[in-house]
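Asks: What follows is data_18.txt, compact mmCIF, N, CA and C atoms.
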# COMPACT_ATOMS: atom_id res chain seq x y z
N MET A 1 -27.75 7.96 -66.64
CA MET A 1 -27.14 6.78 -66.08
C MET A 1 -25.63 6.85 -66.22
N ASN A 2 -25.18 7.35 -67.35
CA ASN A 2 -23.74 7.47 -67.58
C ASN A 2 -23.14 8.49 -66.62
N THR A 3 -23.89 9.54 -66.32
CA THR A 3 -23.42 10.56 -65.40
C THR A 3 -23.25 9.99 -64.00
N SER A 4 -24.17 9.13 -63.59
CA SER A 4 -24.08 8.54 -62.25
C SER A 4 -22.88 7.60 -62.15
N ARG A 5 -22.55 6.92 -63.23
CA ARG A 5 -21.36 6.05 -63.22
C ARG A 5 -20.09 6.88 -63.09
N ILE A 6 -20.04 7.98 -63.79
CA ILE A 6 -18.87 8.86 -63.72
C ILE A 6 -18.76 9.46 -62.32
N ALA A 7 -19.88 9.86 -61.76
CA ALA A 7 -19.87 10.43 -60.41
C ALA A 7 -19.42 9.38 -59.39
N LEU A 8 -19.90 8.16 -59.54
CA LEU A 8 -19.52 7.09 -58.64
C LEU A 8 -18.02 6.79 -58.76
N ALA A 9 -17.53 6.72 -59.98
CA ALA A 9 -16.11 6.46 -60.19
C ALA A 9 -15.26 7.58 -59.60
N THR A 10 -15.69 8.82 -59.77
CA THR A 10 -14.96 9.96 -59.21
C THR A 10 -14.96 9.89 -57.69
N LEU A 11 -16.09 9.55 -57.13
CA LEU A 11 -16.20 9.44 -55.68
C LEU A 11 -15.27 8.34 -55.15
N LEU A 12 -15.25 7.19 -55.80
CA LEU A 12 -14.39 6.09 -55.37
C LEU A 12 -12.91 6.45 -55.49
N ILE A 13 -12.54 7.11 -56.56
CA ILE A 13 -11.14 7.53 -56.73
C ILE A 13 -10.77 8.55 -55.67
N GLY A 14 -11.67 9.47 -55.37
CA GLY A 14 -11.41 10.46 -54.32
C GLY A 14 -11.25 9.81 -52.96
N ALA A 15 -12.10 8.84 -52.66
CA ALA A 15 -12.01 8.14 -51.37
C ALA A 15 -10.70 7.37 -51.27
N ALA A 16 -10.30 6.73 -52.36
CA ALA A 16 -9.04 5.99 -52.36
C ALA A 16 -7.86 6.94 -52.20
N ALA A 17 -7.93 8.09 -52.81
CA ALA A 17 -6.84 9.06 -52.69
C ALA A 17 -6.74 9.58 -51.27
N LEU A 18 -7.86 9.87 -50.65
CA LEU A 18 -7.84 10.34 -49.26
C LEU A 18 -7.34 9.25 -48.32
N ALA A 19 -7.73 8.02 -48.57
CA ALA A 19 -7.26 6.92 -47.72
C ALA A 19 -5.75 6.75 -47.86
N GLY A 20 -5.24 6.99 -49.04
CA GLY A 20 -3.80 6.88 -49.26
C GLY A 20 -3.02 8.01 -48.63
N CYS A 21 -3.67 9.12 -48.35
CA CYS A 21 -2.99 10.27 -47.74
C CYS A 21 -2.89 10.18 -46.23
N GLN A 22 -3.62 9.26 -45.63
CA GLN A 22 -3.59 9.15 -44.17
C GLN A 22 -2.22 8.68 -43.72
N LYS A 23 -1.73 9.34 -42.67
CA LYS A 23 -0.45 8.96 -42.11
C LYS A 23 -0.68 7.73 -41.23
N THR A 24 0.11 6.73 -41.46
CA THR A 24 -0.04 5.50 -40.68
C THR A 24 1.26 5.17 -39.98
N ASP A 25 1.18 4.24 -39.07
CA ASP A 25 2.34 3.81 -38.29
C ASP A 25 3.18 2.80 -39.07
N THR A 26 2.74 2.46 -40.27
CA THR A 26 3.41 1.40 -41.02
C THR A 26 4.37 1.93 -42.08
N GLU A 27 4.62 3.23 -42.10
CA GLU A 27 5.51 3.78 -43.11
C GLU A 27 6.90 3.19 -42.98
N GLY A 28 7.43 2.72 -44.07
CA GLY A 28 8.78 2.17 -44.09
C GLY A 28 8.86 0.73 -43.60
N LYS A 29 7.72 0.14 -43.30
CA LYS A 29 7.71 -1.24 -42.82
C LYS A 29 7.05 -2.12 -43.87
N GLY A 30 7.57 -3.31 -43.99
CA GLY A 30 6.98 -4.26 -44.92
C GLY A 30 5.75 -4.93 -44.34
N PRO A 31 5.01 -5.62 -45.18
CA PRO A 31 3.78 -6.25 -44.70
C PRO A 31 4.03 -7.32 -43.63
N ALA A 32 5.14 -8.02 -43.73
CA ALA A 32 5.44 -9.05 -42.73
C ALA A 32 5.73 -8.41 -41.37
N GLU A 33 6.44 -7.29 -41.39
CA GLU A 33 6.75 -6.60 -40.13
C GLU A 33 5.49 -6.03 -39.49
N VAL A 34 4.61 -5.48 -40.31
CA VAL A 34 3.35 -4.95 -39.80
C VAL A 34 2.52 -6.09 -39.21
N ALA A 35 2.44 -7.21 -39.92
CA ALA A 35 1.68 -8.36 -39.41
C ALA A 35 2.30 -8.88 -38.12
N GLY A 36 3.62 -8.91 -38.06
CA GLY A 36 4.30 -9.37 -36.84
C GLY A 36 3.98 -8.49 -35.65
N LYS A 37 3.96 -7.18 -35.86
CA LYS A 37 3.61 -6.24 -34.78
C LYS A 37 2.18 -6.49 -34.30
N GLN A 38 1.29 -6.73 -35.24
CA GLN A 38 -0.10 -6.98 -34.88
C GLN A 38 -0.23 -8.29 -34.10
N ILE A 39 0.52 -9.29 -34.50
CA ILE A 39 0.50 -10.58 -33.79
C ILE A 39 1.05 -10.41 -32.39
N ASP A 40 2.14 -9.66 -32.26
CA ASP A 40 2.73 -9.41 -30.94
C ASP A 40 1.73 -8.70 -30.03
N LYS A 41 1.07 -7.70 -30.57
CA LYS A 41 0.09 -6.95 -29.78
C LYS A 41 -1.06 -7.86 -29.34
N ALA A 42 -1.53 -8.70 -30.25
CA ALA A 42 -2.62 -9.61 -29.92
C ALA A 42 -2.18 -10.62 -28.86
N ALA A 43 -0.94 -11.08 -28.94
CA ALA A 43 -0.43 -12.04 -27.96
C ALA A 43 -0.34 -11.41 -26.57
N VAL A 44 0.08 -10.17 -26.51
CA VAL A 44 0.17 -9.47 -25.22
C VAL A 44 -1.23 -9.32 -24.62
N GLU A 45 -2.18 -8.92 -25.43
CA GLU A 45 -3.56 -8.77 -24.94
C GLU A 45 -4.13 -10.10 -24.48
N ALA A 46 -3.87 -11.16 -25.24
CA ALA A 46 -4.37 -12.48 -24.85
C ALA A 46 -3.73 -12.92 -23.54
N GLY A 47 -2.45 -12.63 -23.38
CA GLY A 47 -1.77 -12.97 -22.13
C GLY A 47 -2.38 -12.25 -20.94
N LYS A 48 -2.71 -10.98 -21.11
CA LYS A 48 -3.34 -10.22 -20.03
C LYS A 48 -4.69 -10.82 -19.66
N GLU A 49 -5.47 -11.19 -20.68
CA GLU A 49 -6.79 -11.76 -20.42
C GLU A 49 -6.68 -13.12 -19.75
N LEU A 50 -5.70 -13.92 -20.16
CA LEU A 50 -5.50 -15.23 -19.53
C LEU A 50 -5.09 -15.08 -18.08
N LYS A 51 -4.22 -14.11 -17.80
CA LYS A 51 -3.78 -13.88 -16.42
C LYS A 51 -4.96 -13.48 -15.55
N GLN A 52 -5.80 -12.61 -16.06
CA GLN A 52 -6.97 -12.16 -15.31
C GLN A 52 -7.92 -13.34 -15.07
N ALA A 53 -8.14 -14.15 -16.09
CA ALA A 53 -9.03 -15.30 -15.94
C ALA A 53 -8.47 -16.29 -14.92
N ALA A 54 -7.15 -16.49 -14.93
CA ALA A 54 -6.53 -17.40 -13.96
C ALA A 54 -6.68 -16.87 -12.54
N GLN A 55 -6.53 -15.57 -12.37
CA GLN A 55 -6.70 -14.98 -11.04
C GLN A 55 -8.13 -15.14 -10.55
N GLU A 56 -9.08 -14.93 -11.43
CA GLU A 56 -10.48 -15.08 -11.05
C GLU A 56 -10.79 -16.53 -10.70
N ALA A 57 -10.23 -17.47 -11.47
CA ALA A 57 -10.44 -18.88 -11.19
C ALA A 57 -9.82 -19.26 -9.85
N GLY A 58 -8.65 -18.70 -9.56
CA GLY A 58 -7.99 -18.97 -8.28
C GLY A 58 -8.82 -18.48 -7.11
N LYS A 59 -9.39 -17.30 -7.24
CA LYS A 59 -10.24 -16.77 -6.18
C LYS A 59 -11.48 -17.65 -5.98
N ALA A 60 -12.05 -18.09 -7.09
CA ALA A 60 -13.24 -18.95 -7.00
C ALA A 60 -12.89 -20.27 -6.32
N MET A 61 -11.71 -20.82 -6.61
CA MET A 61 -11.29 -22.07 -5.98
C MET A 61 -11.05 -21.86 -4.49
N GLU A 62 -10.47 -20.74 -4.11
CA GLU A 62 -10.27 -20.45 -2.69
C GLU A 62 -11.60 -20.35 -1.96
N ASN A 63 -12.56 -19.68 -2.57
CA ASN A 63 -13.89 -19.56 -1.97
C ASN A 63 -14.56 -20.92 -1.83
N ALA A 64 -14.42 -21.75 -2.87
CA ALA A 64 -15.01 -23.09 -2.81
C ALA A 64 -14.35 -23.91 -1.72
N GLY A 65 -13.03 -23.82 -1.59
CA GLY A 65 -12.31 -24.55 -0.54
C GLY A 65 -12.76 -24.12 0.85
N ALA A 66 -12.96 -22.84 1.04
CA ALA A 66 -13.41 -22.33 2.34
C ALA A 66 -14.81 -22.86 2.66
N LYS A 67 -15.68 -22.89 1.66
CA LYS A 67 -17.04 -23.40 1.89
C LYS A 67 -17.01 -24.90 2.21
N ILE A 68 -16.14 -25.64 1.55
CA ILE A 68 -16.02 -27.08 1.82
C ILE A 68 -15.54 -27.30 3.25
N GLN A 69 -14.55 -26.54 3.66
CA GLN A 69 -14.06 -26.67 5.04
C GLN A 69 -15.15 -26.34 6.05
N GLU A 70 -15.91 -25.32 5.78
CA GLU A 70 -16.99 -24.92 6.68
C GLU A 70 -18.03 -26.03 6.79
N LYS A 71 -18.41 -26.60 5.66
CA LYS A 71 -19.41 -27.68 5.66
C LYS A 71 -18.85 -28.93 6.35
N ALA A 72 -17.57 -29.21 6.19
CA ALA A 72 -16.96 -30.36 6.85
C ALA A 72 -16.98 -30.18 8.36
N LYS A 73 -16.69 -28.99 8.83
CA LYS A 73 -16.73 -28.72 10.27
C LYS A 73 -18.15 -28.85 10.81
N GLU A 74 -19.12 -28.36 10.05
CA GLU A 74 -20.52 -28.50 10.46
C GLU A 74 -20.92 -29.96 10.53
N ALA A 75 -20.51 -30.74 9.54
CA ALA A 75 -20.84 -32.17 9.52
C ALA A 75 -20.19 -32.88 10.69
N GLN A 76 -18.96 -32.53 11.01
CA GLN A 76 -18.25 -33.14 12.13
C GLN A 76 -18.96 -32.80 13.45
N ALA A 77 -19.37 -31.56 13.60
CA ALA A 77 -20.08 -31.15 14.81
C ALA A 77 -21.42 -31.88 14.93
N ASP A 78 -22.12 -32.02 13.81
CA ASP A 78 -23.39 -32.74 13.82
C ASP A 78 -23.18 -34.21 14.16
N ALA A 79 -22.12 -34.81 13.63
CA ALA A 79 -21.84 -36.22 13.90
C ALA A 79 -21.53 -36.43 15.38
N LYS A 80 -20.78 -35.52 15.97
CA LYS A 80 -20.47 -35.63 17.40
C LYS A 80 -21.73 -35.49 18.24
N LYS A 81 -22.60 -34.59 17.83
CA LYS A 81 -23.83 -34.34 18.57
C LYS A 81 -24.77 -35.55 18.50
N ASP A 82 -24.81 -36.19 17.32
CA ASP A 82 -25.73 -37.31 17.11
C ASP A 82 -25.16 -38.65 17.59
N ALA A 83 -23.87 -38.73 17.86
CA ALA A 83 -23.25 -40.00 18.26
C ALA A 83 -23.65 -40.35 19.69
N PRO A 84 -23.84 -41.65 19.97
CA PRO A 84 -24.13 -42.06 21.34
C PRO A 84 -22.95 -41.75 22.24
N ALA A 85 -23.21 -41.53 23.51
CA ALA A 85 -22.17 -41.15 24.47
C ALA A 85 -21.13 -42.23 24.66
N ASP A 86 -21.50 -43.49 24.51
CA ASP A 86 -20.54 -44.57 24.73
C ASP A 86 -19.91 -45.09 23.44
N ALA A 87 -20.10 -44.40 22.33
CA ALA A 87 -19.53 -44.84 21.06
C ALA A 87 -18.02 -44.72 21.09
N GLY A 88 -17.34 -45.69 20.54
CA GLY A 88 -15.89 -45.68 20.45
C GLY A 88 -15.20 -46.19 21.69
N LYS A 89 -15.94 -46.74 22.67
CA LYS A 89 -15.32 -47.25 23.91
C LYS A 89 -15.24 -48.74 23.88
Give the structure from the file, written as structure tokens.
Replies:
Amino acid sequence: MNTSRIALATLLIGAAALAGCQKTDTEGKGPAEVAGKQIDKAAVEAGKELKQAAQEAGKAMENAGAKIQEKAKEAQADAKKDAPADAGK
């Protein structure tokens, strides 16, 4: 049991050492600067997604408007067809 604890501790220390050796983009930057960069990146991505959603909503509204106009024209044609010939005189 003692051997397994030593092996586990050695493994964890080795993993931590390897993780510390990885080259990262944050060298020379403080935690606030790193967090700021991440926030900026997230804001840009959110902006892109919002723009795409707005474009899709705009297209859907245009399609709905076209369908409404089509139905209004059909209703107007039906009303003219069903109206008596002397109506409005």
Asks: Using DSSP on the backbone coordinates, identify the residues of chain A assigned to helix (DSSP H, G or I); present them as a PyMOL selection string.
Replies: chain A and resi 2-21+31-82
Asks: Could you work out how far CA of Glu56 in chain A lies from CA of Glu70 in chain A, giving the answer in Å with one decimal?
Replies: 21.3 Å
Asks: For the atom pair atom N of Asn2 in chain A and CA of Ala16 in chain A, what is the interatomic distance in Å to one decimal place?
Replies: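 That distance, rounded to one decimal, is 22.1 Å.
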Asks: Using CA of Ala66 in chain A and CA of Lys51 in chain A as the two end points, give the distance in Å to one decimal.
Replies: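 Going from CA of Ala66 in chain A over to CA of Lys51 in chain A covers 22.7 Å.
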